[in-house]
Amino acid sequence: MYGVKNSKHFTEKELIAWAKDYNIPQEDVFTLDSSYFSFLKNIDTLEVENHHSYVSDRSQPLQALYYDEKGDLVSYQINCYAGGFPNLKWNRNGNFETFMPKIQAPLDSTLTLKTHLTFFNKVSTSKIVSPDDYDYVVVVYWSRFMGRQSKRLIRYVQENAKLSKNKSVKTIYVNNDQIYADRDH
């Protein structure tokens, strides 16, 4: 009912075609490196206040993380907090009606943008991102296996960026299908 499919392995050509279908600029397509989950598991439990929830939140397939010019997380959206059926309610409580979106999920300072970027792999169409060139960088986790729920999140993020007025916003789209395919098989 949610439109979720089984995760599977794919080629780069398939990924680029999906990104086009999801209205993602080709130069902004990246994939999530498998070392990301190792990083999450190895975070010191003293560093993070509710360690289990932190790892669970950061492991969700659909996320939008908004970082400011200092590389600090300032707004965070996750599928498990969105609620709704048969579609996730990304704009519940008007979260996306203003730029910066209302905070939906707990913020922390453990995963800065600089660290987060180290877990993204380029594909042949990717362009290197220089966060210093932007007021805000948005990282969107998306996947083919999450189907229309991914498309809807992407659309909300893209429409929300139009509300940023005189601020420069760069959105990076990180596909995580391969990671889930590896975990599921």
# chains A, B, ... in the order shown; residues from 1 in each chain; ligands from 1
$ closest_atom_pairs --of "stretch 118-155 of chain A" --to "stretch 59-68 of chain A" --cutoff "9 Å" --atoms "only C-alpha atoms" --output "tab-separated table"
residue	atom	partner	partner_atom	distance
A:Tyr134	CA	A:Asp68	CA	8.5
A:Asp135	CA	A:Asp68	CA	6.1
A:Tyr136	CA	A:Asp68	CA	4.6
A:Val137	CA	A:Tyr67	CA	5.2
A:Val138	CA	A:Tyr66	CA	4.5
A:Val139	CA	A:Leu65	CA	5.1
A:Val140	CA	A:Ala64	CA	4.5
A:Tyr141	CA	A:Gln63	CA	5.0
A:Trp142	CA	A:Leu62	CA	5.4
A:Ser143	CA	A:Pro61	CA	6.9
A:Met146	CA	A:Pro61	CA	7.7
A:Gln149	CA	A:Leu62	CA	8.1
A:Ser150	CA	A:Leu62	CA	6.7
A:Leu153	CA	A:Leu62	CA	7.7
A:Ile154	CA	A:Ala64	CA	8.7
$ write_last_selection --atoms "C-alpha atoms" --output "compact mmCIF listing (two decimals), in the first residue's frame"
# COMPACT_ATOMS: atom_id res chain seq x y z
CA TYR A 134 26.19 27.66 -0.24
CA ASP A 135 24.23 29.04 2.69
CA TYR A 136 22.55 25.65 3.15
CA VAL A 137 23.20 22.11 2.00
CA VAL A 138 20.36 19.61 2.05
CA VAL A 139 21.13 15.90 2.01
CA VAL A 140 18.23 13.76 0.77
CA TYR A 141 18.35 10.01 1.23
CA TRP A 142 16.17 8.31 -1.36
CA SER A 143 15.71 4.85 -2.79
CA MET A 146 10.66 3.20 -1.35
CA GLN A 149 7.43 7.83 -0.96
CA SER A 150 10.90 8.81 -2.26
CA LEU A 153 9.98 13.56 -0.29
CA ILE A 154 12.10 14.80 -3.20
$ select_by_dssp --residues "stretch 47-184 of chain A" --states "strand (DSSP E)" --output "PyMOL selection string"
chain A and resi 63-67+73-78+120-122+136-142+169-175
$ write_last_selection --atoms "N, CA, C and O atoms" --output "compact mmCIF listing (two decimals), in the first residue's frame"
# COMPACT_ATOMS: atom_id res chain seq x y z
N GLN A 63 15.29 10.38 4.27
CA GLN A 63 15.69 11.44 5.19
C GLN A 63 15.96 12.72 4.40
O GLN A 63 16.36 12.66 3.24
N ALA A 64 15.75 13.83 5.07
CA ALA A 64 16.19 15.13 4.53
C ALA A 64 16.88 15.85 5.69
O ALA A 64 16.26 16.12 6.72
N LEU A 65 18.16 16.09 5.51
CA LEU A 65 18.96 16.73 6.55
C LEU A 65 19.40 18.10 6.03
O LEU A 65 20.06 18.19 4.98
N TYR A 66 19.07 19.14 6.75
CA TYR A 66 19.39 20.51 6.36
C TYR A 66 20.55 21.01 7.20
O TYR A 66 20.45 21.08 8.43
N TYR A 67 21.64 21.36 6.53
CA TYR A 67 22.84 21.87 7.20
C TYR A 67 23.01 23.35 6.88
O TYR A 67 22.80 23.77 5.74
N LEU A 73 23.68 20.66 11.61
CA LEU A 73 22.32 20.21 11.29
C LEU A 73 21.31 21.17 11.93
O LEU A 73 21.34 21.39 13.15
N VAL A 74 20.42 21.74 11.11
CA VAL A 74 19.46 22.71 11.62
C VAL A 74 18.00 22.29 11.41
O VAL A 74 17.09 22.88 11.99
N SER A 75 17.75 21.30 10.58
CA SER A 75 16.41 20.74 10.40
C SER A 75 16.58 19.30 9.92
O SER A 75 17.50 19.01 9.15
N TYR A 76 15.69 18.43 10.39
CA TYR A 76 15.85 17.01 10.10
C TYR A 76 14.48 16.38 9.93
O TYR A 76 13.61 16.52 10.80
N GLN A 77 14.30 15.70 8.80
CA GLN A 77 13.05 15.02 8.47
C GLN A 77 13.36 13.54 8.21
O GLN A 77 14.30 13.24 7.49
N ILE A 78 12.55 12.64 8.79
CA ILE A 78 12.77 11.20 8.62
C ILE A 78 11.43 10.51 8.37
O ILE A 78 10.41 10.88 8.96
N PHE A 120 29.57 9.57 0.98
CA PHE A 120 28.87 9.61 -0.31
C PHE A 120 29.83 9.24 -1.43
O PHE A 120 30.93 9.78 -1.52
N ASN A 121 29.40 8.33 -2.29
CA ASN A 121 30.19 7.92 -3.45
C ASN A 121 29.66 8.61 -4.69
O ASN A 121 28.45 8.66 -4.91
N LYS A 122 30.57 9.09 -5.51
CA LYS A 122 30.19 9.70 -6.78
C LYS A 122 29.78 8.62 -7.77
O LYS A 122 30.22 7.49 -7.67
N TYR A 136 23.10 26.89 2.61
CA TYR A 136 22.55 25.65 3.15
C TYR A 136 22.83 24.50 2.20
O TYR A 136 22.80 24.68 0.99
N VAL A 137 23.08 23.33 2.78
CA VAL A 137 23.20 22.11 2.00
C VAL A 137 22.17 21.13 2.56
O VAL A 137 22.10 20.92 3.78
N VAL A 138 21.37 20.58 1.67
CA VAL A 138 20.36 19.61 2.05
C VAL A 138 20.79 18.25 1.52
O VAL A 138 21.11 18.11 0.33
N VAL A 139 20.81 17.27 2.39
CA VAL A 139 21.13 15.90 2.01
C VAL A 139 19.81 15.12 2.03
O VAL A 139 19.14 15.06 3.06
N VAL A 140 19.46 14.55 0.88
CA VAL A 140 18.23 13.76 0.77
C VAL A 140 18.62 12.31 0.52
O VAL A 140 19.29 11.99 -0.46
N TYR A 141 18.20 11.44 1.44
CA TYR A 141 18.35 10.01 1.23
C TYR A 141 17.09 9.53 0.52
O TYR A 141 15.98 9.80 0.97
N TRP A 142 17.30 8.82 -0.58
CA TRP A 142 16.17 8.31 -1.36
C TRP A 142 16.50 6.91 -1.86
O TRP A 142 17.67 6.50 -1.84
N VAL A 169 20.99 27.42 -1.82
CA VAL A 169 20.74 26.08 -1.29
C VAL A 169 21.22 25.05 -2.30
O VAL A 169 20.89 25.11 -3.47
N LYS A 170 22.01 24.10 -1.82
CA LYS A 170 22.46 22.98 -2.65
C LYS A 170 21.84 21.70 -2.10
O LYS A 170 21.93 21.43 -0.90
N THR A 171 21.21 20.93 -2.96
CA THR A 171 20.63 19.66 -2.53
C THR A 171 21.43 18.52 -3.14
O THR A 171 21.70 18.51 -4.34
N ILE A 172 21.80 17.59 -2.28
CA ILE A 172 22.55 16.40 -2.68
C ILE A 172 21.61 15.21 -2.47
O ILE A 172 21.02 15.05 -1.41
N TYR A 173 21.48 14.38 -3.49
CA TYR A 173 20.57 13.24 -3.44
C TYR A 173 21.39 11.96 -3.32
O TYR A 173 22.15 11.60 -4.23
N VAL A 174 21.24 11.28 -2.20
CA VAL A 174 22.05 10.10 -1.90
C VAL A 174 21.17 8.87 -1.94
O VAL A 174 20.28 8.69 -1.11
N ASN A 175 21.42 8.03 -2.93
CA ASN A 175 20.65 6.80 -3.08
C ASN A 175 21.21 5.74 -2.13
O ASN A 175 22.42 5.56 -2.03
$ closest_residue --among "A:Val123, A:Val157, A:Cys80, A:Ala105" --to "A:Lys13" --atoms "only C-alpha atoms"
A:Val123
$ atom_distance --atom1 "atom CA of A:Leu111" --atom2 "atom CA of A:Arg144"
24.8 Å
$ residues_around --residues "A:Phe37" --least-positions-apart "5" --cutoff "12 Å" --atoms "only C-alpha atoms" --output "ChimeraX atom specification"
/A:32,42-43,54-60,116,119,176,179-180,182-183
$ write_last_selection --atoms "N, CA, C and O atoms" --output "compact mmCIF listing (two decimals), in the first residue's frame"
# COMPACT_ATOMS: atom_id res chain seq x y z
N LEU A 32 25.21 6.00 -1.16
CA LEU A 32 25.67 5.91 0.22
C LEU A 32 26.68 4.78 0.33
O LEU A 32 26.43 3.66 -0.11
N ASN A 42 29.52 2.41 15.49
CA ASN A 42 30.71 2.64 16.31
C ASN A 42 30.73 3.98 17.03
O ASN A 42 31.72 4.30 17.69
N ILE A 43 29.68 4.76 16.90
CA ILE A 43 29.62 6.03 17.63
C ILE A 43 29.60 5.72 19.12
O ILE A 43 28.84 4.85 19.58
N TYR A 54 19.22 7.18 18.09
CA TYR A 54 20.07 7.91 17.16
C TYR A 54 20.42 7.03 15.97
O TYR A 54 20.25 7.44 14.81
N VAL A 55 20.88 5.82 16.23
CA VAL A 55 21.28 4.91 15.15
C VAL A 55 20.06 4.53 14.31
O VAL A 55 20.12 4.50 13.09
N SER A 56 18.94 4.28 14.96
CA SER A 56 17.72 3.93 14.24
C SER A 56 17.29 5.07 13.32
O SER A 56 16.96 4.85 12.15
N ASP A 57 17.28 6.29 13.83
CA ASP A 57 16.90 7.46 13.02
C ASP A 57 17.83 7.61 11.81
O ASP A 57 17.38 7.79 10.68
N ARG A 58 19.12 7.54 12.04
CA ARG A 58 20.09 7.74 10.97
C ARG A 58 20.13 6.59 9.97
O ARG A 58 20.71 6.70 8.91
N SER A 59 19.47 5.48 10.29
CA SER A 59 19.45 4.31 9.41
C SER A 59 18.19 4.24 8.55
O SER A 59 18.02 3.29 7.79
N GLN A 60 17.32 5.21 8.65
CA GLN A 60 16.06 5.19 7.89
C GLN A 60 16.33 5.42 6.40
O GLN A 60 17.23 6.18 6.04
N HIS A 116 29.58 13.88 7.15
CA HIS A 116 28.54 13.21 6.36
C HIS A 116 28.97 13.04 4.91
O HIS A 116 28.76 11.98 4.31
N PHE A 119 30.79 9.92 3.38
CA PHE A 119 30.10 8.65 3.17
C PHE A 119 29.36 8.59 1.84
O PHE A 119 28.60 7.65 1.59
N ASN A 176 20.31 5.03 -1.46
CA ASN A 176 20.75 4.01 -0.51
C ASN A 176 20.21 2.61 -0.83
O ASN A 176 20.22 1.74 0.02
N ILE A 179 22.76 -0.34 -0.23
CA ILE A 179 23.01 -0.63 1.18
C ILE A 179 21.92 -1.55 1.73
O ILE A 179 22.19 -2.52 2.41
N TYR A 180 20.67 -1.22 1.40
CA TYR A 180 19.57 -2.04 1.89
C TYR A 180 19.54 -3.39 1.19
O TYR A 180 19.18 -4.40 1.81
N ASP A 182 22.16 -5.06 0.28
CA ASP A 182 23.20 -5.83 0.95
C ASP A 182 22.73 -6.31 2.32
O ASP A 182 23.03 -7.44 2.73
N ARG A 183 21.99 -5.48 3.03
CA ARG A 183 21.52 -5.83 4.37
C ARG A 183 20.40 -6.87 4.31
O ARG A 183 20.26 -7.70 5.21
$ closest_residue --among "A:Asp132, A:Ala181, A:Ala161, A:Thr118" --to "A:Tyr36" --atoms "only C-alpha atoms"
A:Thr118
$ atom_distance --atom1 "atom CA of A:Lys167" --atom2 "atom CA of A:Lys127"
20.8 Å
$ closest_residue --among "A:Ile24, A:Leu40, A:Leu117, A:Leu15" --to "A:Pro131" --atoms "only C-alpha atoms"
A:Leu117
$ atom_distance --atom1 "atom CA of A:Phe39" --atom2 "atom CA of A:Val129"
21.6 Å
$ decode --residues "stretch 42-76 of chain A" --atoms "N, CA and C atoms" --output "CSV table (one decimal), in the first residue's frame"
chain,number,residue,atom,x,y,z
A,42,ASN,N,29.5,2.4,15.5
A,42,ASN,CA,30.7,2.6,16.3
A,42,ASN,C,30.7,4.0,17.0
A,43,ILE,N,29.7,4.8,16.9
A,43,ILE,CA,29.6,6.0,17.6
A,43,ILE,C,29.6,5.7,19.1
A,44,ASP,N,30.4,6.4,19.9
A,44,ASP,CA,30.5,6.2,21.3
A,44,ASP,C,29.2,6.5,21.9
A,45,THR,N,28.7,5.6,22.7
A,45,THR,CA,27.4,5.7,23.4
A,45,THR,C,27.4,6.9,24.4
A,46,LEU,N,28.5,7.4,24.8
A,46,LEU,CA,28.6,8.5,25.7
A,46,LEU,C,28.5,9.8,24.8
A,47,GLU,N,28.8,9.7,23.5
A,47,GLU,CA,28.7,10.9,22.7
A,47,GLU,C,27.3,11.3,22.3
A,48,VAL,N,26.4,10.3,22.3
A,48,VAL,CA,25.0,10.5,21.8
A,48,VAL,C,24.1,10.1,22.9
A,49,GLU,N,23.1,11.0,23.1
A,49,GLU,CA,22.1,10.8,24.2
A,49,GLU,C,21.3,9.6,23.9
A,50,ASN,N,20.5,9.2,23.6
A,50,ASN,CA,19.8,8.0,23.3
A,50,ASN,C,20.3,7.2,22.1
A,51,HIS,N,21.4,6.5,22.3
A,51,HIS,CA,22.2,5.9,21.2
A,51,HIS,C,21.3,5.0,20.3
A,52,HIS,N,20.5,4.2,20.8
A,52,HIS,CA,19.7,3.3,20.0
A,52,HIS,C,18.8,4.1,19.1
A,53,SER,N,18.1,5.1,19.6
A,53,SER,CA,17.2,5.9,18.7
A,53,SER,C,18.0,6.7,17.7
A,54,TYR,N,19.2,7.2,18.1
A,54,TYR,CA,20.1,7.9,17.2
A,54,TYR,C,20.4,7.0,16.0
A,55,VAL,N,20.9,5.8,16.2
A,55,VAL,CA,21.3,4.9,15.2
A,55,VAL,C,20.1,4.5,14.3
A,56,SER,N,18.9,4.3,15.0
A,56,SER,CA,17.7,3.9,14.2
A,56,SER,C,17.3,5.1,13.3
A,57,ASP,N,17.3,6.3,13.8
A,57,ASP,CA,16.9,7.5,13.0
A,57,ASP,C,17.8,7.6,11.8
A,58,ARG,N,19.1,7.5,12.0
A,58,ARG,CA,20.1,7.7,11.0
A,58,ARG,C,20.1,6.6,10.0
A,59,SER,N,19.5,5.5,10.3
A,59,SER,CA,19.4,4.3,9.4
A,59,SER,C,18.2,4.2,8.6
A,60,GLN,N,17.3,5.2,8.6
A,60,GLN,CA,16.1,5.2,7.9
A,60,GLN,C,16.3,5.4,6.4
A,61,PRO,N,15.5,4.8,5.5
A,61,PRO,CA,15.8,5.0,4.1
A,61,PRO,C,15.4,6.3,3.5
A,62,LEU,N,14.5,7.1,4.1
A,62,LEU,CA,14.1,8.4,3.6
A,62,LEU,C,14.4,9.4,4.6
A,63,GLN,N,15.3,10.4,4.3
A,63,GLN,CA,15.7,11.4,5.2
A,63,GLN,C,16.0,12.7,4.4
A,64,ALA,N,15.8,13.8,5.1
A,64,ALA,CA,16.2,15.1,4.5
A,64,ALA,C,16.9,15.8,5.7
A,65,LEU,N,18.2,16.1,5.5
A,65,LEU,CA,19.0,16.7,6.5
A,65,LEU,C,19.4,18.1,6.0
A,66,TYR,N,19.1,19.1,6.7
A,66,TYR,CA,19.4,20.5,6.4
A,66,TYR,C,20.6,21.0,7.2
A,67,TYR,N,21.6,21.4,6.5
A,67,TYR,CA,22.8,21.9,7.2
A,67,TYR,C,23.0,23.4,6.9
A,68,ASP,N,23.4,24.1,7.9
A,68,ASP,CA,23.7,25.6,7.7
A,68,ASP,C,25.1,25.8,7.1
A,69,GLU,N,25.5,27.1,7.0
A,69,GLU,CA,26.8,27.4,6.4
A,69,GLU,C,27.9,26.9,7.3
A,70,LYS,N,27.7,26.7,8.5
A,70,LYS,CA,28.8,26.2,9.4
A,70,LYS,C,28.9,24.6,9.4
A,71,GLY,N,27.9,24.0,8.6
A,71,GLY,CA,27.9,22.5,8.6
A,71,GLY,C,27.2,21.9,9.7
A,72,ASP,N,26.4,22.7,10.4
A,72,ASP,CA,25.6,22.1,11.5
A,72,ASP,C,24.2,21.7,11.1
A,73,LEU,N,23.7,20.7,11.6
A,73,LEU,CA,22.3,20.2,11.3
A,73,LEU,C,21.3,21.2,11.9
A,74,VAL,N,20.4,21.7,11.1
A,74,VAL,CA,19.5,22.7,11.6
A,74,VAL,C,18.0,22.3,11.4
A,75,SER,N,17.8,21.3,10.6
A,75,SER,CA,16.4,20.7,10.4
A,75,SER,C,16.6,19.3,9.9
A,76,TYR,N,15.7,18.4,10.4
A,76,TYR,CA,15.8,17.0,10.1
A,76,TYR,C,14.5,16.4,9.9
